[in-house]
>>> print(open('start.tsv').read())   # TSV, N, CA and C atoms
chain	number	residue	atom	x	y	z
A	1	LEU	N	5.05	118.13	86.96
A	1	LEU	CA	5.03	117.27	85.79
A	1	LEU	C	3.68	116.58	85.73
A	2	VAL	N	3.03	116.66	84.59
A	2	VAL	CA	1.74	116.02	84.38
A	2	VAL	C	1.89	115.12	83.16
A	3	VAL	N	1.51	113.85	83.29
A	3	VAL	CA	1.67	112.88	82.21
A	3	VAL	C	0.31	112.33	81.81
A	4	PHE	N	-0.02	112.47	80.52
A	4	PHE	CA	-1.25	111.93	79.96
A	4	PHE	C	-0.89	110.89	78.92
A	5	PHE	N	-1.81	109.95	78.70
A	5	PHE	CA	-1.62	108.96	77.64
A	5	PHE	C	-2.96	108.61	77.04
A	6	ASP	N	-2.92	108.07	75.83
A	6	ASP	CA	-4.13	107.63	75.13
A	6	ASP	C	-4.16	106.11	75.16
A	7	PRO	N	-5.02	105.51	75.98
A	7	PRO	CA	-5.04	104.05	76.09
A	7	PRO	C	-5.51	103.36	74.81
A	8	GLN	N	-6.14	104.09	73.90
A	8	GLN	CA	-6.62	103.49	72.65
A	8	GLN	C	-5.61	103.60	71.51
A	9	ALA	N	-4.54	104.35	71.71
A	9	ALA	CA	-3.53	104.50	70.66
A	9	ALA	C	-2.82	103.16	70.47
A	10	PRO	N	-2.43	102.86	69.23
A	10	PRO	CA	-1.71	101.61	69.00
A	10	PRO	C	-0.45	101.58	69.87
A	11	ALA	N	-0.31	100.51	70.59
A	11	ALA	CA	0.84	100.39	71.49
A	11	ALA	C	1.20	98.93	71.68
A	12	VAL	N	2.26	98.72	72.36
A	12	VAL	CA	2.74	97.37	72.63
A	12	VAL	C	1.99	96.76	73.81
A	13	VAL	N	1.40	97.59	74.64
A	13	VAL	CA	0.76	97.11	75.87
A	13	VAL	C	-0.75	97.05	75.73
A	14	ASP	N	-1.35	96.24	76.56
A	14	ASP	CA	-2.80	96.15	76.66
A	14	ASP	C	-3.32	97.45	77.27
A	15	PRO	N	-4.39	98.04	76.73
A	15	PRO	CA	-4.91	99.29	77.30
A	15	PRO	C	-5.20	99.20	78.80
A	16	LEU	N	-5.55	98.02	79.29
A	16	LEU	CA	-5.82	97.86	80.72
A	16	LEU	C	-4.55	97.98	81.55
A	17	ASP	N	-3.39	97.70	80.96
A	17	ASP	CA	-2.12	97.80	81.67
A	17	ASP	C	-1.43	99.15	81.46
A	18	ALA	N	-2.00	100.00	80.63
A	18	ALA	CA	-1.35	101.26	80.25
A	18	ALA	C	-1.11	102.18	81.44
A	19	THR	N	-2.07	102.30	82.35
A	19	THR	CA	-1.90	103.20	83.50
A	19	THR	C	-0.71	102.77	84.33
A	20	GLU	N	-0.61	101.48	84.61
A	20	GLU	CA	0.51	100.99	85.41
A	20	GLU	C	1.84	101.22	84.69
A	21	LEU	N	1.89	100.89	83.40
A	21	LEU	CA	3.13	101.06	82.64
A	21	LEU	C	3.56	102.53	82.61
A	22	PHE	N	2.65	103.43	82.26
A	22	PHE	CA	3.02	104.84	82.16
A	22	PHE	C	3.33	105.45	83.52
A	23	SER	N	2.73	104.95	84.58
A	23	SER	CA	3.08	105.42	85.93
A	23	SER	C	4.50	105.00	86.29
A	24	ARG	N	4.86	103.76	85.95
A	24	ARG	CA	6.24	103.30	86.20
A	24	ARG	C	7.24	104.12	85.39
A	25	LEU	N	6.93	104.37	84.13
A	25	LEU	CA	7.81	105.18	83.29
A	25	LEU	C	7.94	106.60	83.84
A	26	THR	N	6.86	107.14	84.35
A	26	THR	CA	6.90	108.48	84.94
A	26	THR	C	7.81	108.51	86.15
A	27	ARG	N	7.72	107.49	87.02
A	27	ARG	CA	8.62	107.43	88.19
A	27	ARG	C	10.08	107.39	87.75
A	28	ARG	N	10.38	106.60	86.72
A	28	ARG	CA	11.76	106.53	86.21
A	28	ARG	C	12.21	107.88	85.67
A	29	LEU	N	11.35	108.52	84.90
A	29	LEU	CA	11.69	109.83	84.33
A	29	LEU	C	11.98	110.84	85.43
A	30	VAL	N	11.14	110.85	86.47
A	30	VAL	CA	11.34	111.79	87.58
A	30	VAL	C	12.67	111.52	88.27
A	31	ARG	N	13.00	110.25	88.47
A	31	ARG	CA	14.30	109.92	89.09
A	31	ARG	C	15.46	110.45	88.26
A	32	ILE	N	15.36	110.28	86.94
A	32	ILE	CA	16.42	110.77	86.05
A	32	ILE	C	16.51	112.29	86.11
A	33	LEU	N	15.37	112.97	86.05
A	33	LEU	CA	15.36	114.43	86.05
A	33	LEU	C	15.88	115.02	87.35
A	34	GLN	N	15.59	114.35	88.48
A	34	GLN	CA	15.96	114.89	89.79
A	34	GLN	C	17.30	114.36	90.30
A	35	ASP	N	17.91	113.43	89.59
A	35	ASP	CA	19.17	112.84	90.05
A	35	ASP	C	20.25	113.91	90.16
A	36	ARG	N	20.84	114.01	91.33
A	36	ARG	CA	21.91	115.00	91.55
A	36	ARG	C	23.25	114.42	91.14
A	37	THR	N	23.98	115.19	90.37
A	37	THR	CA	25.35	114.83	89.98
A	37	THR	C	26.26	115.96	90.45
A	38	GLU	N	27.51	115.86	90.10
A	38	GLU	CA	28.43	116.95	90.47
A	38	GLU	C	28.07	118.25	89.76
A	39	HIS	N	27.26	118.17	88.71
A	39	HIS	CA	26.83	119.35	87.96
A	39	HIS	C	25.46	119.85	88.40
A	40	GLY	N	24.86	119.18	89.36
A	40	GLY	CA	23.52	119.57	89.82
A	40	GLY	C	22.48	118.58	89.33
A	41	TYR	N	21.29	119.06	89.10
A	41	TYR	CA	20.20	118.21	88.62
A	41	TYR	C	19.65	118.80	87.33
A	42	VAL	N	18.87	118.02	86.61
A	42	VAL	CA	18.30	118.49	85.35
A	42	VAL	C	17.09	119.37	85.61
A	43	PHE	N	16.16	118.86	86.43
A	43	PHE	CA	14.89	119.56	86.60
A	43	PHE	C	14.23	119.09	87.88
A	44	ARG	N	13.74	120.00	88.68
A	44	ARG	CA	12.95	119.62	89.85
A	44	ARG	C	11.52	119.36	89.40
A	45	THR	N	10.96	118.30	89.87
A	45	THR	CA	9.59	117.97	89.47
A	45	THR	C	8.69	117.86	90.69
A	46	ASP	N	7.43	118.19	90.50
A	46	ASP	CA	6.44	118.09	91.57
A	46	ASP	C	5.23	117.37	91.00
A	47	LEU	N	5.10	116.11	91.35
A	47	LEU	CA	4.00	115.30	90.84
A	47	LEU	C	2.68	115.60	91.53
A	48	ARG	N	2.71	116.42	92.55
A	48	ARG	CA	1.47	116.79	93.25
A	48	ARG	C	0.64	117.79	92.47
A	49	LEU	N	1.17	118.33	91.39
A	49	LEU	CA	0.44	119.33	90.61
A	49	LEU	C	-0.44	118.72	89.53
A	50	ARG	N	-0.52	117.40	89.49
A	50	ARG	CA	-1.37	116.74	88.50
A	50	ARG	C	-2.83	116.78	88.99
A	51	PRO	N	-3.78	116.48	88.11
A	51	PRO	CA	-5.18	116.48	88.52
A	51	PRO	C	-5.45	115.54	89.69
A	52	ASP	N	-6.05	116.06	90.73
A	52	ASP	CA	-6.46	115.29	91.91
A	52	ASP	C	-5.37	114.32	92.37
A	53	PRO	N	-4.22	114.82	92.80
A	53	PRO	CA	-3.05	113.98	93.08
A	53	PRO	C	-3.26	112.94	94.17
A	54	GLY	N	-4.19	113.15	95.07
A	54	GLY	CA	-4.40	112.19	96.14
A	54	GLY	C	-5.11	110.92	95.70
A	55	SER	N	-5.79	110.98	94.55
A	55	SER	CA	-6.57	109.81	94.16
A	55	SER	C	-6.37	109.37	92.71
A	56	THR	N	-5.41	109.95	92.01
A	56	THR	CA	-5.16	109.53	90.64
A	56	THR	C	-3.76	108.96	90.51
A	57	PRO	N	-3.56	108.07	89.53
A	57	PRO	CA	-2.21	107.55	89.28
A	57	PRO	C	-1.31	108.64	88.71
A	58	LEU	N	-0.02	108.36	88.64
A	58	LEU	CA	0.94	109.36	88.14
A	58	LEU	C	0.68	109.71	86.68
A	59	ALA	N	0.25	108.76	85.89
A	59	ALA	CA	-0.08	108.99	84.49
A	59	ALA	C	-1.57	108.68	84.31
A	60	ILE	N	-2.28	109.59	83.66
A	60	ILE	CA	-3.72	109.38	83.51
A	60	ILE	C	-4.13	109.48	82.04
A	61	PRO	N	-5.22	108.79	81.68
A	61	PRO	CA	-5.70	108.88	80.30
A	61	PRO	C	-6.13	110.31	79.95
A	62	VAL	N	-5.94	110.68	78.71
A	62	VAL	CA	-6.29	112.02	78.24
A	62	VAL	C	-7.75	112.34	78.54
A	63	GLU	N	-8.65	111.40	78.27
A	63	GLU	CA	-10.08	111.65	78.49
A	63	GLU	C	-10.38	111.94	79.96
A	64	ALA	N	-9.73	111.24	80.88
A	64	ALA	CA	-9.94	111.48	82.31
A	64	ALA	C	-9.45	112.88	82.68
A	65	ALA	N	-8.34	113.30	82.10
A	65	ALA	CA	-7.81	114.64	82.38
A	65	ALA	C	-8.77	115.71	81.86
A	66	LEU	N	-9.28	115.53	80.66
A	66	LEU	CA	-10.22	116.51	80.11
A	66	LEU	C	-11.48	116.62	80.97
A	67	ARG	N	-12.00	115.48	81.43
A	67	ARG	CA	-13.18	115.52	82.30
A	67	ARG	C	-12.87	116.27	83.59
A	68	TYR	N	-11.68	116.01	84.16
A	68	TYR	CA	-11.30	116.69	85.40
A	68	TYR	C	-11.23	118.20	85.18
A	69	TYR	N	-10.50	118.63	84.15
A	69	TYR	CA	-10.32	120.07	83.92
A	69	TYR	C	-11.65	120.76	83.62
A	70	GLU	N	-12.55	120.08	82.91
A	70	GLU	CA	-13.85	120.68	82.60
A	70	GLU	C	-14.75	120.77	83.83
A	71	ALA	N	-14.74	119.75	84.67
A	71	ALA	CA	-15.68	119.69	85.79
A	71	ALA	C	-15.14	120.29	87.08
A	72	ARG	N	-13.87	120.06	87.39
A	72	ARG	CA	-13.36	120.45	88.71
A	72	ARG	C	-12.07	121.25	88.68
A	73	GLY	N	-11.47	121.40	87.53
A	73	GLY	CA	-10.19	122.10	87.45
A	73	GLY	C	-10.28	123.56	87.87
A	74	GLN	N	-9.27	124.01	88.58
A	74	GLN	CA	-9.19	125.41	88.98
A	74	GLN	C	-8.69	126.23	87.78
A	75	ASN	N	-8.95	127.52	87.80
A	75	ASN	CA	-8.52	128.39	86.69
A	75	ASN	C	-7.01	128.30	86.47
A	76	TRP	N	-6.22	128.28	87.56
A	76	TRP	CA	-4.77	128.22	87.41
A	76	TRP	C	-4.34	126.90	86.77
A	77	GLU	N	-5.09	125.82	87.02
A	77	GLU	CA	-4.76	124.53	86.41
A	77	GLU	C	-5.03	124.57	84.91
A	78	ARG	N	-6.15	125.15	84.54
A	78	ARG	CA	-6.46	125.26	83.11
A	78	ARG	C	-5.44	126.16	82.41
A	79	ALA	N	-5.08	127.25	83.05
A	79	ALA	CA	-4.10	128.17	82.46
A	79	ALA	C	-2.75	127.49	82.30
A	80	ALA	N	-2.38	126.63	83.23
A	80	ALA	CA	-1.09	125.94	83.15
A	80	ALA	C	-1.04	124.97	81.98
A	81	MET	N	-2.19	124.50	81.54
A	81	MET	CA	-2.23	123.55	80.43
A	81	MET	C	-2.11	124.22	79.07
A	82	ILE	N	-2.26	125.52	79.02
A	82	ILE	CA	-2.18	126.23	77.73
A	82	ILE	C	-0.75	126.32	77.27
>>> encode(input="start.tsv", output="structure tokens")
Amino acid sequence: LVVFFDPQAPAVVDPLDATELFSRLTRRLVRILQDRTEHGYVFRTDLRLRPDPGSTPLAIPVEAALRYYEARGQNWERAAMI
């Protein structure tokens, strides 16, 4: 699961707080998707497949993602975004 956001888009939150807010929302979404019930789970997610997972937040601005994919992204990462 890869989550991007536009910090300049009209929103209820301050653009400086957007990364934290969207990262929290991403954690909640992952919990919901992976929650096991008697019927199984909705979807297995792997947050390690996002751009530079060791040093980026769970949700990143669109511009940061574009810079990453243009400068350092692997071919398989670019193909996955299509």
>>> atom_distance(input="start.tsv", atom1="CA of Gly73 (chain A)", atom2="CA of Arg31 (chain A)")
27.4 Å
>>> closest_residue(input="start.tsv", among="A:Val13, A:Arg44, A:Asp52, A:Pro57", to="Ala71 (chain A)", atoms="only C-alpha atoms")
A:Asp52
>>> select_by_dssp(input="start.tsv", residues="chain A", states="strand (DSSP E)", output="list in words")
Val3, Phe4, Phe5, Ala59, Ile60 and Pro61 of chain A
>>> write_last_selection(input="start.tsv", atoms="N, CA and C atoms", output="PDB file, in the frame of the given file")
ATOM      1  N   VAL A   3       1.510 113.850  83.290  1.00  0.00           N
ATOM      2  CA  VAL A   3       1.670 112.880  82.210  1.00  0.00           C
ATOM      3  C   VAL A   3       0.310 112.330  81.810  1.00  0.00           C
ATOM      4  N   PHE A   4      -0.020 112.470  80.520  1.00  0.00           N
ATOM      5  CA  PHE A   4      -1.250 111.930  79.960  1.00  0.00           C
ATOM      6  C   PHE A   4      -0.890 110.890  78.920  1.00  0.00           C
ATOM      7  N   PHE A   5      -1.810 109.950  78.700  1.00  0.00           N
ATOM      8  CA  PHE A   5      -1.620 108.960  77.640  1.00  0.00           C
ATOM      9  C   PHE A   5      -2.960 108.610  77.040  1.00  0.00           C
ATOM     10  N   ALA A  59       0.250 108.760  85.890  1.00  0.00           N
ATOM     11  CA  ALA A  59      -0.080 108.990  84.490  1.00  0.00           C
ATOM     12  C   ALA A  59      -1.570 108.680  84.310  1.00  0.00           C
ATOM     13  N   ILE A  60      -2.280 109.590  83.660  1.00  0.00           N
ATOM     14  CA  ILE A  60      -3.720 109.380  83.510  1.00  0.00           C
ATOM     15  C   ILE A  60      -4.130 109.480  82.040  1.00  0.00           C
ATOM     16  N   PRO A  61      -5.220 108.790  81.680  1.00  0.00           N
ATOM     17  CA  PRO A  61      -5.700 108.880  80.300  1.00  0.00           C
ATOM     18  C   PRO A  61      -6.130 110.310  79.950  1.00  0.00           C
TER      19      PRO A  61
END
>>> closest_residue(input="start.tsv", among="A:Val2, A:Ile60, A:Leu21, A:Leu16", to="Asp46 (chain A)", atoms="all atoms listed in the file")
A:Val2
>>> atom_distance(input="start.tsv", atom1="CA of Glu77 (chain A)", atom2="CA of Arg27 (chain A)")
21.8 Å
>>> residues_around(input="start.tsv", residues="Phe43 (chain A)", least_positions_apart="6", cutoff="8 Å", atoms="only N, CA and C atoms", output="PyMOL selection string")
chain A and resi 30+32-35
>>> atom_distance(input="start.tsv", atom1="atom C of Tyr68 (chain A)", atom2="atom N of Arg50 (chain A)")
11.6 Å
>>> residues_near_point(input="start.tsv", point="(-1.0, 125.7, 83.2)", cutoff="12 Å", atoms="only C-alpha atoms", output="VMD selection string")
chain A and resid 1 to 2 49 to 51 69 73 to 82
>>> write_last_selection(input="start.tsv", atoms="N, CA and C atoms", output="PDB file, in the frame of the given file")
ATOM      1  N   LEU A   1       5.050 118.130  86.960  1.00  0.00           N
ATOM      2  CA  LEU A   1       5.030 117.270  85.790  1.00  0.00           C
ATOM      3  C   LEU A   1       3.680 116.580  85.730  1.00  0.00           C
ATOM      4  N   VAL A   2       3.030 116.660  84.590  1.00  0.00           N
ATOM      5  CA  VAL A   2       1.740 116.020  84.380  1.00  0.00           C
ATOM      6  C   VAL A   2       1.890 115.120  83.160  1.00  0.00           C
ATOM      7  N   LEU A  49       1.170 118.330  91.390  1.00  0.00           N
ATOM      8  CA  LEU A  49       0.440 119.330  90.610  1.00  0.00           C
ATOM      9  C   LEU A  49      -0.440 118.720  89.530  1.00  0.00           C
ATOM     10  N   ARG A  50      -0.520 117.400  89.490  1.00  0.00           N
ATOM     11  CA  ARG A  50      -1.370 116.740  88.500  1.00  0.00           C
ATOM     12  C   ARG A  50      -2.830 116.780  88.990  1.00  0.00           C
ATOM     13  N   PRO A  51      -3.780 116.480  88.110  1.00  0.00           N
ATOM     14  CA  PRO A  51      -5.180 116.480  88.520  1.00  0.00           C
ATOM     15  C   PRO A  51      -5.450 115.540  89.690  1.00  0.00           C
ATOM     16  N   TYR A  69     -10.500 118.630  84.150  1.00  0.00           N
ATOM     17  CA  TYR A  69     -10.320 120.070  83.920  1.00  0.00           C
ATOM     18  C   TYR A  69     -11.650 120.760  83.620  1.00  0.00           C
ATOM     19  N   GLY A  73     -11.470 121.400  87.530  1.00  0.00           N
ATOM     20  CA  GLY A  73     -10.190 122.100  87.450  1.00  0.00           C
ATOM     21  C   GLY A  73     -10.280 123.560  87.870  1.00  0.00           C
ATOM     22  N   GLN A  74      -9.270 124.010  88.580  1.00  0.00           N
ATOM     23  CA  GLN A  74      -9.190 125.410  88.980  1.00  0.00           C
ATOM     24  C   GLN A  74      -8.690 126.230  87.780  1.00  0.00           C
ATOM     25  N   ASN A  75      -8.950 127.520  87.800  1.00  0.00           N
ATOM     26  CA  ASN A  75      -8.520 128.390  86.690  1.00  0.00           C
ATOM     27  C   ASN A  75      -7.010 128.300  86.470  1.00  0.00           C
ATOM     28  N   TRP A  76      -6.220 128.280  87.560  1.00  0.00           N
ATOM     29  CA  TRP A  76      -4.770 128.220  87.410  1.00  0.00           C
ATOM     30  C   TRP A  76      -4.340 126.900  86.770  1.00  0.00           C
ATOM     31  N   GLU A  77      -5.090 125.820  87.020  1.00  0.00           N
ATOM     32  CA  GLU A  77      -4.760 124.530  86.410  1.00  0.00           C
ATOM     33  C   GLU A  77      -5.030 124.570  84.910  1.00  0.00           C
ATOM     34  N   ARG A  78      -6.150 125.150  84.540  1.00  0.00           N
ATOM     35  CA  ARG A  78      -6.460 125.260  83.110  1.00  0.00           C
ATOM     36  C   ARG A  78      -5.440 126.160  82.410  1.00  0.00           C
ATOM     37  N   ALA A  79      -5.080 127.250  83.050  1.00  0.00           N
ATOM     38  CA  ALA A  79      -4.100 128.170  82.460  1.00  0.00           C
ATOM     39  C   ALA A  79      -2.750 127.490  82.300  1.00  0.00           C
ATOM     40  N   ALA A  80      -2.380 126.630  83.230  1.00  0.00           N
ATOM     41  CA  ALA A  80      -1.090 125.940  83.150  1.00  0.00           C
ATOM     42  C   ALA A  80      -1.040 124.970  81.980  1.00  0.00           C
ATOM     43  N   MET A  81      -2.190 124.500  81.540  1.00  0.00           N
ATOM     44  CA  MET A  81      -2.230 123.550  80.430  1.00  0.00           C
ATOM     45  C   MET A  81      -2.110 124.220  79.070  1.00  0.00           C
ATOM     46  N   ILE A  82      -2.260 125.520  79.020  1.00  0.00           N
ATOM     47  CA  ILE A  82      -2.180 126.230  77.730  1.00  0.00           C
ATOM     48  C   ILE A  82      -0.750 126.320  77.270  1.00  0.00           C
TER      49      ILE A  82
END
>>> closest_residue(input="start.tsv", among="A:Tyr41, A:Phe5, A:Phe22, A:Pro15", to="Leu58 (chain A)", atoms="only C-alpha atoms")
A:Phe22
>>> closest_residue(input="start.tsv", among="A:Glu38, A:Leu47, A:Pro61, A:Gly54", to="Thr19 (chain A)", atoms="only N, CA and C atoms")
A:Pro61
>>> closest_residue(input="start.tsv", among="A:Arg72, A:Gly40, A:Ser55, A:Leu25", to="Phe4 (chain A)", atoms="only C-alpha atoms")
A:Leu25
>>> closest_residue(input="start.tsv", among="A:His39, A:Glu70, A:Thr45, A:Ala59", to="Glu20 (chain A)", atoms="only C-alpha atoms")
A:Ala59
